[in-house]
Amino acid sequence: MIPYLVYFVQFHEDFRLPELEALSKLENVKIKFNREDYSNDLWTTGNNYPEVYKNLKNFDPEKYKPYETSTFKFMVETYNGTRTMKEQVDIINTFSFLPFKGSIDLKKPDNTFMVLEKYPSPTEQPCKIYMGKLVGVGNRQLVATYDLKKRKYLGTTSMDAELSLIMSNMALVHQNSLVLDPFVGTGSFLITCSHYGAFTLGSDIDGRQIRGKGKTSIKTNVEQYNMKKRVLGTIVSDMAHHPWRNNGELFDAIVTDPPYGVRAGAKKIGLNTDKYDAPPPTKRSVMNPRYPLTVPYEMEQVLMDLIEFASKYLVIGGRLVYWLPTNSEEYNINDIPQHPSLKLIANSEQSFGKWSRRLITMEKIKKYEDIRLTGEGNTGHYQFRQFYFYGKVY
Amino acid sequence: MRLITHNMLQCHVKGCNKDNFPLKLEEIEIEELEAEFNADFIKSMLNRLDWKALAQTTFSLGIAQLPEEMPEELNDEMLQQLHHILLEVDITSGRMVCQGCNHVYPIRDGIPNMLLTESEV
């Protein structure tokens, strides 16, 4: 195996390795990695520069042959420390012994060589030096492309672009996947999943969110990003009583941010019999019937319905990717709902101090079985809403 | 709502489990969309479609006359036709009626409203 060095952006760190694993599965590239030393074609490492120079000088001259006459660029990157421009140039100059005779081209070099310094703390000297050839850079610019600040139609629950893109990768979304977001809101995931080539469908109990206000709606976003060919559409439906045909596995992925009842109060259709007498049954024979009565949709129930739905409607190998809010103090791994048809693939935390939300990735490994969900206690997200607003569970 | 979506929706009124699929389209307005032909996507959808329902719906709308059973081999022409049926026929308004319980699901702005009333769940 050829060693490569992957240098991640230092943000949402808990999501990077699971995403790398998902990408390797998606692209069918076998990888093994060492968590200690976290994309470079890695030539050598050393604890200090003399070691690195020595290793490079000991290479078989054949190694340098392909690069001798090509144009090149040399870069210095630092982790947990900084270097001034002058220091960077000085470091680069110490590598002048390398037999590169091509001219330097900072804009469009044939090859880019890189040194990465790792610092134990910003005030100390680097403890590890990595040197290699740059083979690729991530698609960071996509985060700007789908930046919420530029999006025309937004709601309180719109998911930021970077996390939406990560979710799409976790779900192994690829060309021609069929993806559903059953709590579609303003349609963030339709856009990012369709960016990666998926055909997407969304549903939400709140038709007003889908249709939007005034001139903007999910449709506006779809048009803004020119996704009309890939976003198949949206339906108004209730996850607790959904209308999807129940004789087949329909979706390659389900990517969603279920309502926690915090920013968007979760509702399902039902009658609160404590408050009202049952009204006479109404048949929907007119085009604009009254809005049905709703009751609160407890998060526990939302999750059970979602897991049950995924285990039934995903194709084998299909993935469910969703957010789960947890109370940091009481969280334990048993809080993650389980189902015999679904295998837990990843669980990445975005911490907000006293509470977190976790991106849960599950893969359907076998045909649906109708059983009660397991998952003991559910303490970490039990009555999450109360905890969020009042700081304690009553 | 495109016909691929219609092919995946059934009536879900509590206790309605006979003739609850496909939902009958009535008084509809259709807008033709243009979508890029993508044979791989259509092929990957074949085993997820309910063919009989698709044949019945396209026939009743006068859009196409599909064979009653899904042909074992689909030639390019057939895939093109399916592509048109599934992705390029957009129902912008009208209603879907359950043939079992007569429940009506309205379609407005291309968005079907699949909500039940609280007495039907």
# chains A, B, ... in the order shown; residues from 1 in each chain; ligands from 1
>>> interface_residues(of="chain A", to="chain B", cutoff="6 Å", atoms="only C-alpha atoms", output="PyMOL selection string")
chain A and resi 176+229+235-237+243-245+250+269-271+281+284+292-293
>>> write_last_selection(atoms="all heavy atoms", output="short mmCIF file (atom, residue, chain, number, x, y, z; two decimals), in the first residue's frame")
data_model
loop_
_atom_site.label_atom_id
_atom_site.label_comp_id
_atom_site.auth_asym_id
_atom_site.auth_seq_id
_atom_site.Cartn_x
_atom_site.Cartn_y
_atom_site.Cartn_z
N ASN A 176 -27.50 9.11 -9.62
CA ASN A 176 -28.73 8.32 -9.77
C ASN A 176 -29.25 7.65 -8.49
O ASN A 176 -30.13 6.80 -8.57
CB ASN A 176 -28.57 7.26 -10.87
CG ASN A 176 -28.20 7.88 -12.18
OD1 ASN A 176 -28.50 9.04 -12.43
ND2 ASN A 176 -27.55 7.12 -13.03
N LYS A 229 -33.77 19.27 -12.71
CA LYS A 229 -33.72 17.94 -13.31
C LYS A 229 -33.51 16.85 -12.28
O LYS A 229 -33.75 15.68 -12.55
CB LYS A 229 -32.58 17.90 -14.33
CG LYS A 229 -32.91 18.69 -15.57
CD LYS A 229 -31.73 18.82 -16.50
CE LYS A 229 -32.13 19.72 -17.65
NZ LYS A 229 -30.96 20.20 -18.38
N ILE A 235 -43.82 16.40 -1.27
CA ILE A 235 -45.22 16.13 -0.95
C ILE A 235 -45.49 16.59 0.48
O ILE A 235 -44.57 16.70 1.28
CB ILE A 235 -45.60 14.64 -1.10
CG1 ILE A 235 -44.92 13.78 -0.03
CG2 ILE A 235 -45.22 14.11 -2.49
CD1 ILE A 235 -45.46 12.36 0.03
N VAL A 236 -46.75 16.89 0.75
CA VAL A 236 -47.12 17.24 2.12
C VAL A 236 -47.62 15.95 2.76
O VAL A 236 -48.60 15.36 2.31
CB VAL A 236 -48.23 18.31 2.14
CG1 VAL A 236 -48.63 18.63 3.58
CG2 VAL A 236 -47.77 19.56 1.41
N SER A 237 -46.89 15.47 3.77
CA SER A 237 -47.37 14.28 4.46
C SER A 237 -46.79 14.21 5.86
O SER A 237 -45.82 14.89 6.18
CB SER A 237 -47.05 13.02 3.66
OG SER A 237 -45.76 12.57 3.95
N PRO A 243 -47.74 8.07 3.31
CA PRO A 243 -48.42 7.44 2.19
C PRO A 243 -47.53 6.65 1.24
O PRO A 243 -47.95 6.35 0.13
CB PRO A 243 -49.00 8.65 1.46
CG PRO A 243 -47.93 9.69 1.63
CD PRO A 243 -47.27 9.42 2.96
N TRP A 244 -46.28 6.32 1.62
CA TRP A 244 -45.41 5.64 0.66
C TRP A 244 -45.86 4.20 0.46
O TRP A 244 -46.19 3.51 1.42
CB TRP A 244 -43.95 5.71 1.11
CG TRP A 244 -43.46 7.13 1.19
CD1 TRP A 244 -43.30 7.87 2.33
CD2 TRP A 244 -43.16 8.01 0.10
NE1 TRP A 244 -42.89 9.15 2.00
CE2 TRP A 244 -42.79 9.25 0.64
CE3 TRP A 244 -43.14 7.85 -1.30
CZ2 TRP A 244 -42.43 10.35 -0.15
CZ3 TRP A 244 -42.78 8.93 -2.08
CH2 TRP A 244 -42.43 10.16 -1.50
N ARG A 245 -45.89 3.77 -0.77
CA ARG A 245 -46.34 2.42 -1.13
C ARG A 245 -45.53 1.38 -0.35
O ARG A 245 -44.30 1.42 -0.35
CB ARG A 245 -46.15 2.23 -2.65
CG ARG A 245 -46.28 0.82 -3.14
CD ARG A 245 -46.55 0.78 -4.62
NE ARG A 245 -45.58 1.49 -5.45
CZ ARG A 245 -44.39 0.97 -5.82
NH1 ARG A 245 -44.03 -0.23 -5.43
NH2 ARG A 245 -43.58 1.67 -6.59
N LEU A 250 -37.79 1.34 -1.67
CA LEU A 250 -37.84 2.43 -2.64
C LEU A 250 -36.59 3.30 -2.69
O LEU A 250 -36.22 3.79 -3.75
CB LEU A 250 -39.05 3.33 -2.35
CG LEU A 250 -40.44 2.69 -2.42
CD1 LEU A 250 -41.51 3.71 -2.05
CD2 LEU A 250 -40.72 2.13 -3.81
N ILE A 269 -50.53 14.49 12.96
CA ILE A 269 -51.98 14.62 12.96
C ILE A 269 -52.60 13.76 14.06
O ILE A 269 -52.17 12.63 14.30
CB ILE A 269 -52.51 14.22 11.57
CG1 ILE A 269 -51.99 15.27 10.62
CG2 ILE A 269 -54.04 14.11 11.56
CD1 ILE A 269 -52.52 15.26 9.29
N GLY A 270 -53.57 14.31 14.74
CA GLY A 270 -54.23 13.55 15.79
C GLY A 270 -55.16 14.47 16.54
O GLY A 270 -55.21 15.67 16.29
N LEU A 271 -55.89 13.89 17.47
CA LEU A 271 -56.85 14.68 18.22
C LEU A 271 -56.48 14.62 19.69
O LEU A 271 -56.29 13.56 20.26
CB LEU A 271 -58.25 14.09 18.00
CG LEU A 271 -59.38 14.80 18.72
CD1 LEU A 271 -59.59 16.19 18.13
CD2 LEU A 271 -60.64 13.98 18.64
N PRO A 281 -66.55 13.19 11.62
CA PRO A 281 -65.57 12.87 10.59
C PRO A 281 -65.79 13.74 9.36
O PRO A 281 -66.92 13.97 8.94
CB PRO A 281 -65.87 11.41 10.25
CG PRO A 281 -66.74 10.90 11.34
CD PRO A 281 -67.40 12.08 11.98
N ARG A 284 -62.55 14.57 2.72
CA ARG A 284 -61.89 15.59 1.96
C ARG A 284 -62.46 15.62 0.54
O ARG A 284 -61.87 15.13 -0.39
CB ARG A 284 -60.40 15.32 1.91
CG ARG A 284 -59.58 16.50 1.51
CD ARG A 284 -58.16 16.06 1.30
NE ARG A 284 -57.55 15.60 2.55
CZ ARG A 284 -56.93 16.40 3.38
NH1 ARG A 284 -56.84 17.66 3.12
NH2 ARG A 284 -56.37 15.91 4.45
N PRO A 292 -55.95 19.81 9.24
CA PRO A 292 -56.31 18.84 10.28
C PRO A 292 -55.71 19.22 11.64
O PRO A 292 -54.71 19.92 11.72
CB PRO A 292 -55.72 17.53 9.76
CG PRO A 292 -54.72 17.90 8.74
CD PRO A 292 -55.11 19.23 8.19
N LEU A 293 -56.34 18.74 12.69
CA LEU A 293 -55.83 19.01 14.04
C LEU A 293 -54.55 18.21 14.25
O LEU A 293 -54.39 17.12 13.73
CB LEU A 293 -56.87 18.58 15.07
CG LEU A 293 -58.20 19.33 15.02
CD1 LEU A 293 -59.17 18.71 16.02
CD2 LEU A 293 -57.98 20.80 15.34
#
>>> atom_distance(atom1="atom CA of Glu363 of chain A", atom2="atom CA of Asp305 of chain A")
16.4 Å
>>> residues_around(residues="Gln125 of chain A", least_positions_apart="4", cutoff="12 Å", atoms="only C-alpha atoms", output="number ranges by chain")
A: 47-49, 78-83, 117-121, 129
>>> residues_around(residues="Trp323 of chain A", least_positions_apart="4", cutoff="6 Å", atoms="only C-alpha atoms", output="JSON, numbers by chain")
{"A": [257, 358, 359]}
>>> write_last_selection(atoms="N, CA and C atoms", output="PDB file, in the first residue's frame")
ATOM      1  N   ASP A 257     -33.082  15.796   8.996  1.00  0.00           N
ATOM      2  CA  ASP A 257     -32.892  16.420  10.301  1.00  0.00           C
ATOM      3  C   ASP A 257     -34.266  16.426  10.969  1.00  0.00           C
ATOM      4  N   ARG A 358     -25.783  14.729  17.285  1.00  0.00           N
ATOM      5  CA  ARG A 358     -24.943  13.682  16.720  1.00  0.00           C
ATOM      6  C   ARG A 358     -25.463  13.307  15.355  1.00  0.00           C
ATOM      7  N   LEU A 359     -24.537  13.186  14.430  1.00  0.00           N
ATOM      8  CA  LEU A 359     -24.924  12.730  13.097  1.00  0.00           C
ATOM      9  C   LEU A 359     -24.811  11.207  13.098  1.00  0.00           C
TER      10      LEU A 359
END
>>> atom_distance(atom1="atom CA of Lys268 of chain A", atom2="atom CA of Pro296 of chain A")
6.3 Å
>>> select_by_dssp(residues="segment 57-182 of chain A", states="helix (DSSP H, G or I)", output="MDAnalysis selection string")
chainID A and resid 57 61:67 85:93 141:145 148:150 161:170
>>> closest_residue(among="B:Pro71, B:Met96, B:Glu32, B:Leu54", to="His84 of chain B", atoms="only C-alpha atoms")
B:Glu32
>>> select_by_dssp(residues="chain B", states="strand (DSSP E)", output="list in words")
Lys24, Leu25, Glu26, Glu27, Ile28, Glu29, Ile30, Glu31, Glu32, Val89, Asp90, Ile91, Thr92, Ser93, Gly94, Arg95, Met96, Val97, Val104, Tyr105, Pro106, Ile107, Arg108, Ile111 and Pro112 of chain B
>>> residues_around(residues="Ile345 of chain A", least_positions_apart="5", cutoff="9 Å", atoms="only C-alpha atoms", output="PDB file with C-alpha atoms, in the first residue's frame")
ATOM      1  CA  PRO A  18     -16.288   8.710   9.074  1.00  0.00           C
ATOM      2  CA  ILE A 360     -25.987   9.090  13.036  1.00  0.00           C
ATOM      3  CA  THR A 361     -25.298   6.936   9.991  1.00  0.00           C
ATOM      4  CA  MET A 362     -26.945   3.524   9.693  1.00  0.00           C
ATOM      5  CA  GLU A 363     -26.839   1.023   6.862  1.00  0.00           C
TER       6      GLU A 363
END
>>> residues_around(residues="segment 349-353 of chain A", least_positions_apart="2", cutoff="9 Å", atoms="only C-alpha atoms", output="MDAnalysis selection string")
chainID A and resid 12:15 328 347 355:360
>>> decode(residues="segment 95-120 of chain B", atoms="N, CA, C and O atoms", output="short mmCIF file (atom, residue, chain, number, x, y, z; two decimals), in the first residue's frame")
data_model
loop_
_atom_site.label_atom_id
_atom_site.label_comp_id
_atom_site.auth_asym_id
_atom_site.auth_seq_id
_atom_site.Cartn_x
_atom_site.Cartn_y
_atom_site.Cartn_z
N ARG B 95 -56.40 16.22 -8.52
CA ARG B 95 -56.57 15.45 -7.30
C ARG B 95 -56.33 13.97 -7.54
O ARG B 95 -56.40 13.49 -8.67
N MET B 96 -56.05 13.28 -6.46
CA MET B 96 -55.89 11.83 -6.51
C MET B 96 -56.99 11.23 -5.65
O MET B 96 -57.20 11.66 -4.51
N VAL B 97 -57.68 10.23 -6.21
CA VAL B 97 -58.81 9.65 -5.48
C VAL B 97 -58.53 8.17 -5.24
O VAL B 97 -58.15 7.43 -6.15
N CYS B 98 -58.74 7.76 -3.99
CA CYS B 98 -58.57 6.35 -3.64
C CYS B 98 -59.75 5.56 -4.19
O CYS B 98 -60.91 5.93 -3.97
N GLN B 99 -59.45 4.48 -4.90
CA GLN B 99 -60.52 3.65 -5.47
C GLN B 99 -61.14 2.73 -4.42
O GLN B 99 -62.15 2.09 -4.67
N GLY B 100 -60.52 2.67 -3.26
CA GLY B 100 -61.07 1.84 -2.19
C GLY B 100 -62.03 2.61 -1.30
O GLY B 100 -63.17 2.20 -1.07
N CYS B 101 -61.61 3.79 -0.81
CA CYS B 101 -62.41 4.49 0.18
C CYS B 101 -62.85 5.89 -0.29
O CYS B 101 -63.45 6.63 0.49
N ASN B 102 -62.52 6.23 -1.54
CA ASN B 102 -62.91 7.52 -2.12
C ASN B 102 -62.26 8.73 -1.46
O ASN B 102 -62.68 9.87 -1.69
N HIS B 103 -61.26 8.52 -0.65
CA HIS B 103 -60.56 9.67 -0.07
C HIS B 103 -59.92 10.48 -1.20
O HIS B 103 -59.39 9.93 -2.15
N VAL B 104 -59.97 11.80 -1.05
CA VAL B 104 -59.43 12.69 -2.08
C VAL B 104 -58.16 13.37 -1.57
O VAL B 104 -58.16 13.96 -0.49
N TYR B 105 -57.09 13.25 -2.34
CA TYR B 105 -55.85 13.95 -2.03
C TYR B 105 -55.64 15.04 -3.08
O TYR B 105 -55.37 14.73 -4.24
N PRO B 106 -55.76 16.29 -2.68
CA PRO B 106 -55.63 17.37 -3.67
C PRO B 106 -54.17 17.64 -4.06
O PRO B 106 -53.25 17.40 -3.27
N ILE B 107 -53.98 18.12 -5.27
CA ILE B 107 -52.65 18.52 -5.74
C ILE B 107 -52.71 20.01 -6.10
O ILE B 107 -53.57 20.41 -6.87
N ARG B 108 -51.83 20.77 -5.49
CA ARG B 108 -51.81 22.21 -5.74
C ARG B 108 -50.37 22.66 -5.93
O ARG B 108 -49.49 22.16 -5.20
N ASP B 109 -50.09 23.53 -6.86
CA ASP B 109 -48.72 23.99 -7.17
C ASP B 109 -47.78 22.80 -7.39
O ASP B 109 -46.60 22.87 -7.03
N GLY B 110 -48.30 21.71 -7.91
CA GLY B 110 -47.46 20.54 -8.15
C GLY B 110 -47.14 19.73 -6.91
O GLY B 110 -46.36 18.79 -6.96
N ILE B 111 -47.76 20.11 -5.77
CA ILE B 111 -47.46 19.42 -4.51
C ILE B 111 -48.70 18.69 -4.02
O ILE B 111 -49.73 19.31 -3.72
N PRO B 112 -48.67 17.36 -3.95
CA PRO B 112 -49.83 16.63 -3.44
C PRO B 112 -49.94 16.77 -1.93
O PRO B 112 -48.93 16.73 -1.23
N ASN B 113 -51.14 16.93 -1.46
CA ASN B 113 -51.37 16.99 -0.02
C ASN B 113 -51.87 15.63 0.44
O ASN B 113 -53.00 15.25 0.18
N MET B 114 -50.99 14.89 1.12
CA MET B 114 -51.30 13.53 1.53
C MET B 114 -51.77 13.46 2.98
O MET B 114 -51.85 12.37 3.56
N LEU B 115 -52.05 14.60 3.59
CA LEU B 115 -52.47 14.58 4.99
C LEU B 115 -53.88 14.02 5.12
O LEU B 115 -54.75 14.27 4.29
N LEU B 116 -54.09 13.29 6.19
CA LEU B 116 -55.41 12.78 6.51
C LEU B 116 -56.03 13.73 7.53
O LEU B 116 -55.35 14.60 8.06
N THR B 117 -57.29 13.55 7.80
CA THR B 117 -57.85 14.32 8.91
C THR B 117 -57.65 13.50 10.18
O THR B 117 -57.39 12.30 10.12
N GLU B 118 -57.76 14.17 11.31
CA GLU B 118 -57.46 13.49 12.56
C GLU B 118 -58.36 12.29 12.81
O GLU B 118 -58.01 11.38 13.57
N SER B 119 -59.52 12.24 12.15
CA SER B 119 -60.40 11.10 12.39
C SER B 119 -60.08 9.91 11.49
O SER B 119 -60.66 8.85 11.62
N GLU B 120 -59.13 10.09 10.58
CA GLU B 120 -58.80 9.01 9.65
C GLU B 120 -57.50 8.28 9.99
O GLU B 120 -57.14 7.33 9.32
#
